[in-house]
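Colleague: Here you go, this is start_11.txt (compact mmCIF, C-alpha atoms).
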# COMPACT_ATOMS: atom_id res chain seq x y z
CA MET U 10 0.00 0.00 0.00
CA GLU U 11 2.66 2.51 0.91
CA SER U 12 6.06 2.17 -0.64
CA GLY U 13 8.11 4.04 1.92
CA SER U 14 7.52 1.80 4.90
CA GLY U 15 10.60 0.03 6.15
CA GLU U 16 11.71 -1.20 9.49
CA GLY U 17 12.19 2.33 10.73
CA SER U 18 8.53 3.17 10.41
CA MET U 19 7.60 -0.05 12.18
CA MET U 20 9.62 1.16 15.12
CA ASP U 21 7.95 4.54 14.94
CA ASP U 22 4.58 2.84 15.00
CA TYR U 23 5.55 0.94 18.11
CA GLU U 24 6.97 4.04 19.78
CA SER U 25 3.89 6.08 19.08
CA LEU U 26 1.68 3.21 20.14
CA ILE U 27 3.14 2.94 23.62
CA SER U 28 3.42 6.68 24.16
CA THR U 29 -0.13 7.46 23.04
CA THR U 30 -2.66 7.84 25.84
CA ASP U 31 -6.22 6.64 25.58
CA ALA U 32 -7.31 10.26 25.74
CA GLU U 33 -5.33 10.90 22.54
CA LEU U 34 -6.73 7.79 20.88
CA LEU U 35 -10.27 8.75 21.81
CA LYS U 36 -9.74 12.22 20.43
CA ARG U 37 -8.44 10.77 17.17
CA SER U 38 -11.36 8.36 16.86
CA TRP U 39 -13.75 11.22 17.53
CA ARG U 40 -12.22 13.42 14.85
CA ASN U 41 -12.10 10.62 12.31
CA GLU U 42 -15.68 9.58 12.99
CA LYS U 43 -16.78 13.20 12.72
CA ALA U 44 -15.03 13.79 9.43
CA ALA U 45 -15.58 10.46 7.68
CA PRO U 46 -18.65 10.17 5.47
CA GLU U 47 -19.23 6.51 6.39
CA ILE U 48 -19.43 4.82 9.76
CA LEU U 49 -16.06 3.52 10.98
CA GLN U 50 -15.20 0.47 13.05
CA PHE U 51 -16.48 0.82 16.61
CA GLU U 52 -13.49 1.19 18.97
CA LEU U 53 -14.71 -1.41 21.43
CA SER U 54 -11.70 -1.80 23.71
CA LEU U 55 -10.89 1.90 23.64
CA VAL U 56 -14.44 2.78 24.66
CA GLN U 57 -14.36 0.15 27.40
CA ARG U 58 -11.07 1.46 28.76
CA SER U 59 -12.27 5.06 28.61
CA THR U 60 -15.49 4.14 30.40
CA GLU U 61 -13.49 2.45 33.12
CA GLN U 62 -11.22 5.45 33.47
CA ILE U 63 -14.23 7.73 33.72
CA GLN U 64 -15.72 5.56 36.45
CA LEU U 65 -12.44 5.52 38.34
CA MET U 66 -12.14 9.27 38.05
CA GLU U 67 -15.71 9.73 39.25
CA GLU U 68 -14.88 7.67 42.33
CA THR U 69 -11.69 9.66 42.90
CA VAL U 70 -13.61 12.92 42.69
CA GLU U 71 -16.24 11.72 45.14
CA GLU U 72 -13.69 10.38 47.59
CA SER U 73 -11.63 13.54 47.40
CA MET U 74 -14.66 15.70 48.07
CA ALA U 75 -15.62 13.59 51.07
CA SER U 76 -12.13 13.53 52.53
CA GLY U 77 -11.64 17.27 52.23
CA VAL U 78 -8.91 17.39 49.60
CA ASP U 79 -8.09 20.86 48.31
CA PRO U 80 -11.17 22.01 46.31
CA LEU U 81 -8.92 23.31 43.55
CA THR U 82 -7.48 19.84 42.93
CA VAL U 83 -10.96 18.34 42.93
CA SER U 84 -12.21 20.89 40.43
CA LEU U 85 -9.28 20.12 38.12
CA TYR U 86 -10.04 16.41 38.30
CA GLN U 87 -13.65 17.24 37.54
CA MET U 88 -12.65 19.27 34.48
CA ASP U 89 -10.53 16.43 33.15
CA LEU U 90 -13.47 14.11 33.72
CA ASP U 91 -15.84 16.46 31.90
CA ARG U 92 -13.54 16.69 28.91
CA THR U 93 -13.22 12.93 28.57
CA GLN U 94 -16.95 12.44 28.99
CA PHE U 95 -17.65 15.02 26.33
CA LEU U 96 -15.38 13.19 23.87
CA LEU U 97 -16.92 9.83 24.59
CA ARG U 98 -20.51 11.08 24.39
CA SER U 99 -19.87 13.05 21.25
CA TYR U 100 -18.20 10.02 19.65
CA ILE U 101 -21.16 7.79 20.40
CA ARG U 102 -23.65 10.46 19.35
CA ILE U 103 -22.01 11.00 15.96
CA ARG U 104 -22.19 7.26 15.36
CA LEU U 105 -25.84 7.15 16.30
CA GLN U 106 -26.55 9.98 13.89
CA LYS U 107 -24.83 8.10 11.09
CA ILE U 108 -26.73 4.96 11.98
CA GLU U 109 -30.04 6.83 11.89
CA LYS U 110 -29.16 8.35 8.57
CA TYR U 111 -27.94 5.21 6.80
CA MET U 112 -29.61 2.45 8.82
CA ALA U 113 -31.02 0.49 5.90
CA HIS U 114 -27.76 0.66 3.99
CA ILE U 115 -25.71 -0.37 7.02
CA HIS U 116 -28.13 -3.17 7.78
CA LYS U 117 -27.87 -4.79 4.38
CA THR U 118 -24.07 -4.37 4.06
CA THR U 119 -22.37 -7.00 6.20
CA GLU U 120 -19.07 -5.17 6.35
CA LEU U 121 -20.73 -2.04 7.73
CA TRP U 122 -23.05 -3.96 10.04
CA ASN U 123 -20.04 -5.62 11.65
CA ARG U 124 -18.53 -2.24 12.43
CA LEU U 125 -21.30 -1.52 14.92
CA SER U 126 -21.16 -2.42 18.58
CA LYS U 127 -23.73 -4.86 19.96
CA GLN U 128 -25.74 -1.99 21.41
CA GLU U 129 -25.57 -0.06 18.17
CA GLN U 130 -26.81 -3.10 16.25
CA LYS U 131 -29.71 -3.38 18.64
CA TYR U 132 -30.44 0.30 18.25
CA ALA U 133 -30.27 0.12 14.46
CA GLN U 134 -32.57 -2.91 14.43
CA ARG U 135 -35.14 -1.15 16.60
CA CYS U 136 -34.88 2.00 14.49
CA ILE U 137 -35.48 0.10 11.28
CA GLU U 138 -38.46 -1.77 12.69
CA ASP U 139 -40.05 1.30 14.24
CA LEU U 140 -39.58 3.40 11.15
CA LYS U 141 -40.98 0.69 8.93
CA GLU U 142 -44.01 0.29 11.14
CA HIS U 143 -44.52 4.01 11.23
CA PHE U 144 -44.32 4.36 7.46
CA GLU U 145 -46.67 1.44 6.96
CA LYS U 146 -49.25 2.73 9.38
CA SER U 147 -49.17 6.31 8.26
CA VAL U 148 -48.68 6.09 4.49
CA LEU U 149 -47.66 2.88 2.81
CA SER U 150 -50.70 0.83 3.73
CA LYS U 151 -52.90 3.39 1.99
CA LEU U 152 -50.93 3.29 -1.26
CA PRO U 153 -51.56 0.95 -4.17
CA ASP U 154 -49.88 -2.45 -3.94
CA ARG U 155 -47.02 -1.55 -6.24
CA TYR U 156 -45.79 1.22 -3.94
CA LYS U 157 -45.88 -0.46 -0.57
CA SER U 158 -42.16 -0.98 0.01
CA SER U 159 -40.27 1.37 2.26
CA LEU U 160 -37.03 0.56 0.43
CA LYS U 161 -38.13 0.63 -3.20
CA GLN U 162 -39.95 3.28 -5.10
CA SER U 163 -42.17 0.78 -6.81
CA VAL U 164 -42.22 -2.90 -7.71
CA ILE U 165 -40.37 -2.25 -10.95
CA SER U 166 -37.26 -1.04 -9.12
CA GLU U 167 -34.65 -3.73 -9.35
CA GLU U 168 -32.70 -2.63 -6.32
CA ASP U 169 -33.44 -0.74 -3.17
CA ASP U 170 -33.43 2.73 -4.60
CA MET U 171 -34.77 4.61 -1.63
CA VAL U 172 -31.90 3.76 0.68
CA PRO U 173 -29.59 6.67 1.37
CA GLU U 174 -25.91 5.78 1.20
CA PRO U 175 -22.92 7.76 2.41
CA GLN U 176 -21.04 9.47 -0.36
CA LEU U 177 -17.58 7.97 -0.39
CA ASP U 178 -16.57 10.07 -3.37
CA THR U 179 -16.55 13.19 -1.31
CA TYR U 180 -13.35 15.01 -0.50
CA VAL U 181 -12.07 15.09 3.05
CA ILE U 182 -9.22 16.92 4.68
CA CYS U 183 -6.59 14.76 6.27
CA ARG U 184 -3.19 14.95 7.88
CA ALA U 185 -0.49 12.29 8.05
CA LYS U 186 1.47 11.93 11.24
CA ARG U 187 4.51 10.74 9.36
CA SER U 188 5.48 11.24 5.79
CA LEU U 189 3.89 8.47 3.77
CA GLY U 190 6.05 8.90 0.71
CA ALA U 191 4.48 8.45 -2.67
CA PHE U 192 1.03 7.04 -2.21
CA GLN U 193 -0.85 5.52 -5.09
CA LEU U 194 -4.46 6.59 -4.80
CA ASP U 195 -6.56 3.46 -4.60
CA ASP U 196 -8.94 3.75 -7.46
CA SER U 197 -7.28 5.93 -10.03
CA ALA U 198 -4.61 4.09 -11.96
CA GLU U 199 -4.21 6.93 -14.39
CA GLU U 200 -3.13 9.41 -11.80
CA ASN U 201 0.35 9.90 -10.48
CA PRO U 202 1.13 8.82 -6.95
CA VAL U 203 0.57 11.56 -4.43
CA SER U 204 3.29 12.28 -1.94
CA LEU U 205 1.79 12.75 1.51
CA ASP U 206 4.07 14.81 3.74
CA ALA U 207 3.71 14.76 7.50
CA GLY U 208 1.82 17.54 9.21
CA ASP U 209 0.36 19.35 6.24
CA PRO U 210 -3.36 19.09 5.53
CA TYR U 211 -4.47 17.65 2.20
CA ALA U 212 -7.87 17.64 0.55
CA ILE U 213 -8.26 14.15 -0.93
CA ARG U 214 -11.12 11.94 -2.01
CA TYR U 215 -12.18 9.89 0.96
CA LYS U 216 -12.44 6.73 -1.09
CA SER U 217 -8.78 6.80 -2.08
CA ILE U 218 -7.40 7.16 1.43
CA LYS U 219 -9.94 5.28 3.49
CA SER U 220 -7.61 2.32 3.96
CA LEU U 221 -5.08 4.70 5.54
CA VAL U 222 -7.79 5.95 7.88
CA TYR U 223 -8.70 2.37 8.84
CA SER U 224 -5.07 1.54 9.59
CA GLY U 225 -4.55 4.73 11.57
CA GLN U 226 -1.79 6.09 9.35
CA ILE U 227 -3.71 9.22 8.55
CA ASP U 228 -6.03 11.44 10.58
CA LEU U 229 -9.04 13.28 9.28
CA VAL U 230 -9.28 16.88 10.39
CA MET G 23 -23.89 20.67 19.39
CA ALA G 24 -25.21 22.74 16.58
CA THR G 25 -22.89 21.42 13.89
CA GLN G 26 -23.81 17.82 14.38
CA SER G 27 -27.24 18.02 12.93
CA ASP G 28 -26.58 20.03 9.80
CA PRO G 29 -25.64 18.40 6.49
CA HIS G 30 -22.00 19.43 6.79
CA ALA G 31 -21.67 17.40 9.94
CA SER G 32 -17.99 16.87 9.38
CA GLU G 33 -17.16 20.49 9.99
CA PHE G 34 -15.89 21.30 13.40
CA SER G 35 -17.55 24.14 15.24
CA ALA G 36 -15.46 26.97 16.65
CA ALA G 37 -16.11 25.59 20.12
CA GLU G 38 -14.89 22.15 19.10
CA LEU G 39 -11.71 23.58 17.58
CA GLU G 40 -11.12 25.46 20.80
CA PHE G 41 -11.64 22.21 22.69
CA LEU G 42 -8.93 20.56 20.58
CA ALA G 43 -6.58 23.51 21.00
CA GLU G 44 -6.98 23.33 24.77
CA ASP G 45 -4.98 20.11 24.73
CA GLU G 46 -1.89 21.87 23.39
CA MET G 47 0.88 22.10 25.94
CA ILE G 48 1.98 25.40 27.42
CA GLU G 49 4.40 26.50 30.11
CA ILE G 50 3.14 27.93 33.37
CA VAL G 51 4.80 29.24 36.52
CA PRO G 52 2.68 28.27 39.52
CA ASN G 53 2.57 30.36 42.67
CA MET G 54 1.31 27.55 44.87
CA ARG G 55 2.23 24.03 45.86
CA MET G 56 0.20 21.10 44.55
CA GLU G 57 0.74 17.37 44.21
CA THR G 58 1.02 15.70 40.83
CA LEU G 59 -2.35 15.46 39.10
CA ASN G 60 -3.02 11.99 37.70
CA LEU G 61 -5.53 12.89 35.04
CA ILE G 62 -7.08 10.75 32.32
CA CYS G 63 -5.24 12.82 29.75
CA GLY G 64 -1.90 12.38 31.52
CA ASP G 65 0.07 13.17 34.66
CA PHE G 66 0.98 16.79 35.35
CA GLY G 67 2.97 18.44 38.08
CA PRO G 68 4.03 18.38 40.86
CA PHE G 69 3.59 22.12 41.15
CA HIS G 70 6.03 24.24 43.13
CA PRO G 71 6.03 28.03 43.44
CA GLN G 72 8.20 29.73 40.81
CA ILE G 73 9.15 26.49 39.10
CA ALA G 74 7.98 26.36 35.51
CA THR G 75 6.14 23.27 34.28
CA GLN G 76 4.27 22.12 31.17
CA VAL G 77 0.51 21.59 31.27
CA PRO G 78 -2.32 21.48 28.73
CA LEU G 79 -3.80 24.86 27.92
CA TRP G 80 -7.15 24.11 29.59
CA LEU G 81 -5.37 23.36 32.84
CA ALA G 82 -3.26 26.51 32.53
CA VAL G 83 -6.37 28.62 31.95
CA ALA G 84 -8.18 27.01 34.89
CA LEU G 85 -5.27 27.77 37.21
CA LYS G 86 -4.85 31.25 35.80
CA LYS G 87 -8.53 32.06 36.37
CA ARG G 88 -8.06 31.25 40.03
CA GLY G 89 -4.88 33.31 40.24
CA LYS G 90 -2.70 30.27 40.84
CA CYS G 91 -0.13 30.76 38.09
CA THR G 92 1.23 32.92 35.35
CA ILE G 93 1.25 31.63 31.81
CA ARG G 94 4.35 31.91 29.68
CA PRO G 95 3.22 32.77 26.19
CA PRO G 96 4.73 30.45 23.56
CA GLU G 97 7.81 31.60 21.71
CA TRP G 98 6.00 32.24 18.46
CA MET G 99 3.78 34.78 20.22
CA SER G 100 6.52 37.37 20.67
CA VAL G 101 6.45 40.68 18.82
CA GLU G 102 9.74 39.84 17.18
CA LYS G 103 8.70 36.43 15.85
CA LEU G 104 5.28 37.63 14.75
CA THR G 105 6.78 40.60 12.90
CA GLN G 106 9.02 38.22 10.99
CA VAL G 107 6.09 35.97 10.18
CA LEU G 108 3.96 38.88 9.01
CA GLU G 109 6.72 40.19 6.76
CA ALA G 110 7.31 36.78 5.28
CA GLU G 111 3.57 36.30 4.74
CA ARG G 112 3.44 39.61 2.89
CA ASP G 113 6.55 38.86 0.84
CA SER G 114 5.23 35.71 -0.71
CA GLN G 115 1.97 35.57 -2.59
CA LYS G 116 1.87 31.81 -2.73
CA THR G 117 3.42 30.20 0.30
CA PHE G 118 2.40 30.27 3.93
CA GLN G 119 4.59 30.45 6.99
CA PRO G 120 4.54 27.49 9.32
CA LEU G 121 2.52 28.34 12.42
CA PRO G 122 1.14 26.11 15.17
CA PHE G 123 -1.91 24.20 13.89
CA HIS G 124 -4.09 25.94 16.48
CA TYR G 125 -2.45 29.38 16.50
CA VAL G 126 -5.73 31.28 16.18
CA GLU G 127 -7.42 29.41 19.02
CA ILE G 128 -4.40 29.46 21.32
CA SER G 129 -3.86 33.19 20.93
CA ARG G 130 -7.58 33.84 21.43
CA LEU G 131 -7.59 31.85 24.68
CA LEU G 132 -4.51 33.64 25.95
CA PHE G 133 -5.88 37.08 25.03
CA ASP G 134 -9.09 36.26 26.86
CA HIS G 135 -7.63 34.75 30.00
CA ALA G 136 -3.99 35.79 30.38
CA ARG G 137 -3.81 39.39 29.19
CA ASP G 138 -1.40 40.43 31.93
CA ASP G 139 1.06 37.63 31.06
CA ILE G 140 1.59 38.70 27.47
CA PRO G 141 4.15 41.45 27.00
CA ASP G 142 3.07 44.12 24.48
CA ILE G 143 -0.35 42.57 24.23
CA TYR G 144 -1.80 45.25 21.92
CA MET G 145 1.05 44.84 19.51
CA VAL G 146 0.88 41.05 19.63
CA ARG G 147 -2.84 41.13 19.13
CA SER G 148 -2.73 43.40 16.13
CA LEU G 149 0.13 41.41 14.59
CA ILE G 150 -1.86 38.20 14.88
CA GLU G 151 -4.92 39.92 13.42
CA ASP G 152 -2.81 41.13 10.50
CA ILE G 153 -1.27 37.71 9.94
CA LYS G 154 -4.73 36.19 9.98
CA ASP G 155 -6.00 38.71 7.44
CA VAL G 156 -3.04 38.33 5.09
CA ARG G 157 -3.34 34.56 5.22
CA PHE G 158 -7.08 34.54 4.63
CA HIS G 159 -6.64 36.82 1.68
CA LYS G 160 -3.98 34.55 0.23
CA ILE G 161 -6.13 31.50 0.80
CA GLY G 162 -8.93 33.17 -1.11
CA THR G 163 -6.78 33.97 -4.13
CA GLY G 164 -4.82 30.75 -3.79
CA LEU G 165 -7.93 28.67 -4.24
CA GLU G 166 -8.29 29.99 -7.75
CA VAL G 167 -5.64 27.46 -8.77
CA ILE G 168 -8.26 24.74 -8.58
CA SER G 169 -9.07 24.60 -12.25
CA GLN G 170 -9.16 20.94 -13.16
CA ARG G 171 -9.61 17.49 -11.78
CA THR G 172 -7.30 17.29 -8.79
CA ALA G 173 -6.71 14.07 -6.94
CA ALA G 174 -5.15 15.66 -3.91
CA LEU G 175 -4.74 19.27 -2.94
CA LYS G 176 -1.98 20.07 -0.52
CA LEU G 177 -2.93 22.83 1.87
CA GLU G 178 0.62 23.53 2.94
CA HIS G 179 0.99 25.07 6.40
CA LEU G 180 -2.70 25.81 6.71
CA THR G 181 -3.95 25.68 10.28
CA ALA G 182 -7.05 24.18 11.88
CA MET G 183 -9.25 27.28 11.72
CA GLU G 184 -8.22 28.03 8.14
CA VAL G 185 -8.84 24.48 7.00
CA ASN G 186 -12.24 24.57 8.63
CA ILE G 187 -13.19 27.79 6.87
CA VAL G 188 -12.13 26.70 3.39
CA ARG G 189 -13.49 23.19 3.79
CA PRO G 190 -16.99 23.68 2.37
CA PHE G 191 -15.69 25.53 -0.67
CA VAL G 192 -12.70 23.29 -1.38
CA VAL G 193 -14.69 20.09 -0.97
CA ARG G 194 -17.47 21.22 -3.28
CA ALA G 195 -15.12 22.70 -5.86
CA LEU G 196 -12.96 19.59 -6.04
CA GLN G 197 -16.02 17.39 -6.26
CA ALA G 198 -17.47 19.48 -9.02
CA PHE G 199 -14.27 19.30 -11.07
CA TYR G 200 -13.99 15.61 -10.39
CA LYS G 201 -17.48 14.99 -11.69
CA LEU G 202 -17.15 17.21 -14.73
CA ASP G 203 -14.02 15.35 -15.69
CA SER G 204 -15.24 11.83 -15.31
CA PRO G 205 -17.91 10.39 -17.58
CA GLU G 206 -18.95 7.66 -15.18
CA MET G 207 -19.63 10.30 -12.57
CA ILE G 208 -22.18 12.11 -14.63
CA GLN G 209 -24.71 9.45 -13.91
CA GLU G 210 -23.92 9.66 -10.25
CA SER G 211 -24.41 13.39 -10.12
CA ASP G 212 -27.69 13.04 -11.98
CA LEU G 213 -28.69 10.51 -9.48
CA ARG G 214 -27.96 12.74 -6.58
CA ALA G 215 -29.59 15.72 -8.13
CA ASN G 216 -32.69 13.66 -8.60
CA ARG G 217 -32.74 12.20 -5.19
CA ARG G 218 -35.35 14.62 -4.03
CA PHE G 219 -37.62 13.61 -6.88
CA PRO G 220 -36.49 10.05 -7.22
CA THR G 221 -39.24 8.86 -9.56
CA ALA G 222 -37.22 9.82 -12.61
CA ASN G 223 -34.33 7.59 -11.76
CA HIS G 224 -33.92 3.94 -12.53
CA GLY G 225 -30.32 4.11 -13.68
CA PRO G 226 -27.72 1.69 -12.43
CA LYS G 227 -25.85 2.69 -9.36
CA ARG G 228 -22.13 2.79 -8.96
CA GLN G 229 -21.03 -0.13 -6.93
CA LEU G 230 -19.14 0.61 -3.77
CA LYS G 231 -15.63 -0.58 -4.26
CA ARG G 232 -13.87 -2.87 -1.81
Show me this structure written as structure tokens.

Modeller:
Amino acid sequence: MESGSGEGSMMDDYESLISTTDAELLKRSWRNEKAAPEILQFELSLVQRSTEQIQLMEETVEESMASGVDPLTVSLYQMDLDRTQFLLRSYIRIRLQKIEKYMAHIHKTTELWNRLSKQEQKYAQRCIEDLKEHFEKSVLSKLPDRYKSSLKQSVISEEDDMVPEPQLDTYVICRAKRSLGAFQLDDSAEENPVSLDAGDPYAIRYKSIKSLVYSGQIDLV
Amino acid sequence: MATQSDPHASEFSAAELEFLAEDEMIEIVPNMRMETLNLICGDFGPFHPQIATQVPLWLAVALKKRGKCTIRPPEWMSVEKLTQVLEAERDSQKTFQPLPFHYVEISRLLFDHARDDIPDIYMVRSLIEDIKDVRFHKIGTGLEVISQRTAALKLEHLTAMEVNIVRPFVVRALQAFYKLDSPEMIQESDLRANRRFPTANHGPKRQLKR
């Protein structure tokens, strides 16, 4: 995928992996999820760890308040807690919005469906059922037979043509942590490789760099 | 959050950019004693009077608000450095000077909360305003170079706030050129244009690759 990766970059990966805090990782996942047109893989273990840290911090704050620790210290712990909670909530909320928007598409695409957490799958399932029931009760049942599907415009449609899909062709703005050398854009053989330098933002089609987003080599901003 | 519900959900709001900038590290000089803080975002301290230490900006501002420290403005925020940057920005029509990714947000936060810690604050403030203006002007004219199908556009040295402002325009312009240049896309754009009145459309869809 990338030509410039040797042993050196493997070491860098390892270095950055052990020196990166969960707070950083959560922030990155939040930004990526916010900027990506499609739903990304749910960060199960990261979310679990962050939830645990939040619970621990909540306990610390409560204990400190009870035992009369300096109120300034307590308020700083509380601020840190608030910031982490904001990130986590916002992350989950963005995902729910994407699920609501593209639920039918996500549901019928196995790859996307598997990116959801168990709870998200449950939520999506409920959403789909409720929406279907609502449409049927309010409109579809009163329409002629040919127009009763909530996914197709009419019986002559060969595929589900009323299912909104995320637009993967859209351009996104991204930043590489390290220089990625000459990168051949996925889907465009006719174009020259693009050299992605570290730190500078690029506007690129999401589709051509999505594998770099999946592997964490590039951040969306 | 307001931005989350609108169609350009991927844009960050000013408040969200500020949130991100608040994680940037900055040097403070505490005037009190405090144990090391073991926070989720890292360990900071211990704090001793008159001994400088590095903390995230949000922590610095919180301490500053309570009169517990002075903030040392970053090096790039000096009159001397900013004057150089401004001159260089004015000298070149095409290139941008490297500045911290969150320079707008960081300077805003410091102007709001640590006025008394910034030497020559009026000068610094007006220099940053000027730099901002010159850069925005250049960005505006610079974007005229988008004139054909472009696979990747390098926004060299652009910072978070600037990226966020040009995003809607750049994304739409690049998409438009991409579509105009690619025959297979014409169908797609028809399809999207017709989505609101979908009855007219029975054309084949582009398959998602992968």

Colleague: Taking all atoms of stretch 136-153 of chain G that the file lists and extending 4 Å past them on each side, where is the centre of the axis-aligned box and how long are its edges? Answer in Å to one decimal, as JSON.

Modeller:
{"center_x": -0.4, "center_y": 40.5, "center_z": 20.9, "size_x": 17.1, "size_y": 17.5, "size_z": 30.0}

Colleague: Could you name the residues that touch U:Leu125 at 9 Å or less, counting only C-alpha atoms, but leaving out those on the same chain fewer than 6 positions away, as a list in words?

Modeller: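 The neighbour list is Ile48, Leu49, Gln50, Phe51, Arg104 and Ile108 of chain U.
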
Colleague: Identify the residues within 10 Å of coordinate (-1.6, 39.4, 9.6) (same frame as the file), considering all atoms listed in the file, and give the answer as a ChimeraX atom specification.

Modeller: /G:104-105,107-109,111-112,147-159

Colleague: What would the file look like if the residues just selected were written as a tab-separated table (two decimals), in the frame of the given file with C-alpha atoms?

Modeller:
chain	number	residue	atom	x	y	z
G	104	LEU	CA	5.28	37.63	14.75
G	105	THR	CA	6.78	40.60	12.90
G	107	VAL	CA	6.09	35.97	10.18
G	108	LEU	CA	3.96	38.88	9.01
G	109	GLU	CA	6.72	40.19	6.76
G	111	GLU	CA	3.57	36.30	4.74
G	112	ARG	CA	3.44	39.61	2.89
G	147	ARG	CA	-2.84	41.13	19.13
G	148	SER	CA	-2.73	43.40	16.13
G	149	LEU	CA	0.13	41.41	14.59
G	150	ILE	CA	-1.86	38.20	14.88
G	151	GLU	CA	-4.92	39.92	13.42
G	152	ASP	CA	-2.81	41.13	10.50
G	153	ILE	CA	-1.27	37.71	9.94
G	154	LYS	CA	-4.73	36.19	9.98
G	155	ASP	CA	-6.00	38.71	7.44
G	156	VAL	CA	-3.04	38.33	5.09
G	157	ARG	CA	-3.34	34.56	5.22
G	158	PHE	CA	-7.08	34.54	4.63
G	159	HIS	CA	-6.64	36.82	1.68

Colleague: Quick one, how far is atom CA of G:Cys91 from atom CA of G:Gly67?

Modeller: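 Between atom CA of G:Cys91 and atom CA of G:Gly67 the gap works out to 12.7 Å.
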
Colleague: Counting all atoms listed in the file, which residues in chain U sit no more than 7 Å from chain G? For each one, give the nearest pair of atoms and the distance in Å, sorted by chain then residue number, as a Markdown table.

Modeller:
| residue | atom | partner | partner_atom | distance |
| --- | --- | --- | --- | --- |
| U:Thr30 | CA | G:Cys63 | CA | 6.8 |
| U:Ala32 | CA | G:Cys63 | CA | 5.2 |
| U:Lys43 | CA | G:Ser32 | CA | 5.1 |
| U:Ala44 | CA | G:Ser32 | CA | 4.3 |
| U:Gln62 | CA | G:Ile62 | CA | 6.8 |
| U:Tyr86 | CA | G:Leu61 | CA | 6.6 |
| U:Asp89 | CA | G:Leu61 | CA | 6.4 |
| U:Ser166 | CA | G:His224 | CA | 6.9 |
| U:Thr179 | CA | G:Gln197 | CA | 6.5 |
| U:Tyr180 | CA | G:Val193 | CA | 5.3 |
| U:Val181 | CA | G:Val193 | CA | 6.9 |
| U:Asp209 | CA | G:Glu178 | CA | 5.3 |
| U:Pro210 | CA | G:Leu177 | CA | 5.3 |
| U:Tyr211 | CA | G:Lys176 | CA | 4.4 |
| U:Ala212 | CA | G:Leu175 | CA | 5.0 |
| U:Ile213 | CA | G:Ala174 | CA | 4.6 |
| U:Arg214 | CA | G:Ala173 | CA | 6.9 |

Colleague: Export C-alpha atoms of the chosen residues as a compact mmCIF listing (two decimals), in the frame of the given file?

Modeller:
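Saved result, out-v8.txt, follows:
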# COMPACT_ATOMS: atom_id res chain seq x y z
CA THR U 30 -2.66 7.84 25.84
CA ALA U 32 -7.31 10.26 25.74
CA LYS U 43 -16.78 13.20 12.72
CA ALA U 44 -15.03 13.79 9.43
CA GLN U 62 -11.22 5.45 33.47
CA TYR U 86 -10.04 16.41 38.30
CA ASP U 89 -10.53 16.43 33.15
CA SER U 166 -37.26 -1.04 -9.12
CA THR U 179 -16.55 13.19 -1.31
CA TYR U 180 -13.35 15.01 -0.50
CA VAL U 181 -12.07 15.09 3.05
CA ASP U 209 0.36 19.35 6.24
CA PRO U 210 -3.36 19.09 5.53
CA TYR U 211 -4.47 17.65 2.20
CA ALA U 212 -7.87 17.64 0.55
CA ILE U 213 -8.26 14.15 -0.93
CA ARG U 214 -11.12 11.94 -2.01

Colleague: How many Å lie between atom CA of U:Leu65 and atom CA of G:Pro78, rounded to one decimal?

Modeller: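 So the answer is 21.2 Å.
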
Colleague: What's the 9 Å shell around U:Ala133, counting all atoms listed in the file, without same-chain residues fewer than 4 positions away, as a count of residues only?

Modeller: 11

Colleague: How many Å separate atom CA of U:Ala207 from atom CA of U:Lys186?

Modeller: 5.2 Å

Colleague: Could you name the residues that touch G:Lys116 at 10 Å or less, counting only C-alpha atoms, but leaving out those on the same chain fewer than 6 positions away, as a ChimeraX atom specification?

Modeller: /G:157,160-161,163-164

Colleague: Have stretch 81-89 of chain U completed to N, CA and C atoms, please, and pass it along as a PDB file, in the frame of the given file.

Modeller:
ATOM      1  N   LEU U  81      -9.504  22.993  44.854  1.00  0.00           N
ATOM      2  CA  LEU U  81      -8.920  23.310  43.550  1.00  0.00           C
ATOM      3  C   LEU U  81      -8.550  22.011  42.814  1.00  0.00           C
ATOM      4  N   THR U  82      -7.875  21.124  43.522  1.00  0.00           N
ATOM      5  CA  THR U  82      -7.480  19.840  42.930  1.00  0.00           C
ATOM      6  C   THR U  82      -8.725  19.088  42.445  1.00  0.00           C
ATOM      7  N   VAL U  83      -9.742  19.055  43.310  1.00  0.00           N
ATOM      8  CA  VAL U  83     -10.960  18.340  42.930  1.00  0.00           C
ATOM      9  C   VAL U  83     -11.566  18.939  41.670  1.00  0.00           C
ATOM     10  N   SER U  84     -11.579  20.261  41.594  1.00  0.00           N
ATOM     11  CA  SER U  84     -12.210  20.890  40.430  1.00  0.00           C
ATOM     12  C   SER U  84     -11.402  20.594  39.162  1.00  0.00           C
ATOM     13  N   LEU U  85     -10.091  20.461  39.293  1.00  0.00           N
ATOM     14  CA  LEU U  85      -9.280  20.120  38.120  1.00  0.00           C
ATOM     15  C   LEU U  85      -9.550  18.689  37.664  1.00  0.00           C
ATOM     16  N   TYR U  86      -9.674  17.786  38.642  1.00  0.00           N
ATOM     17  CA  TYR U  86     -10.040  16.410  38.300  1.00  0.00           C
ATOM     18  C   TYR U  86     -11.399  16.386  37.591  1.00  0.00           C
ATOM     19  N   GLN U  87     -12.301  17.192  38.122  1.00  0.00           N
ATOM     20  CA  GLN U  87     -13.650  17.240  37.540  1.00  0.00           C
ATOM     21  C   GLN U  87     -13.592  17.745  36.085  1.00  0.00           C
ATOM     22  N   MET U  88     -12.751  18.734  35.837  1.00  0.00           N
ATOM     23  CA  MET U  88     -12.650  19.270  34.480  1.00  0.00           C
ATOM     24  C   MET U  88     -12.123  18.220  33.511  1.00  0.00           C
ATOM     25  N   ASP U  89     -11.108  17.492  33.970  1.00  0.00           N
ATOM     26  CA  ASP U  89     -10.530  16.430  33.150  1.00  0.00           C
ATOM     27  C   ASP U  89     -11.595  15.386  32.836  1.00  0.00           C
TER      28      ASP U  89
END
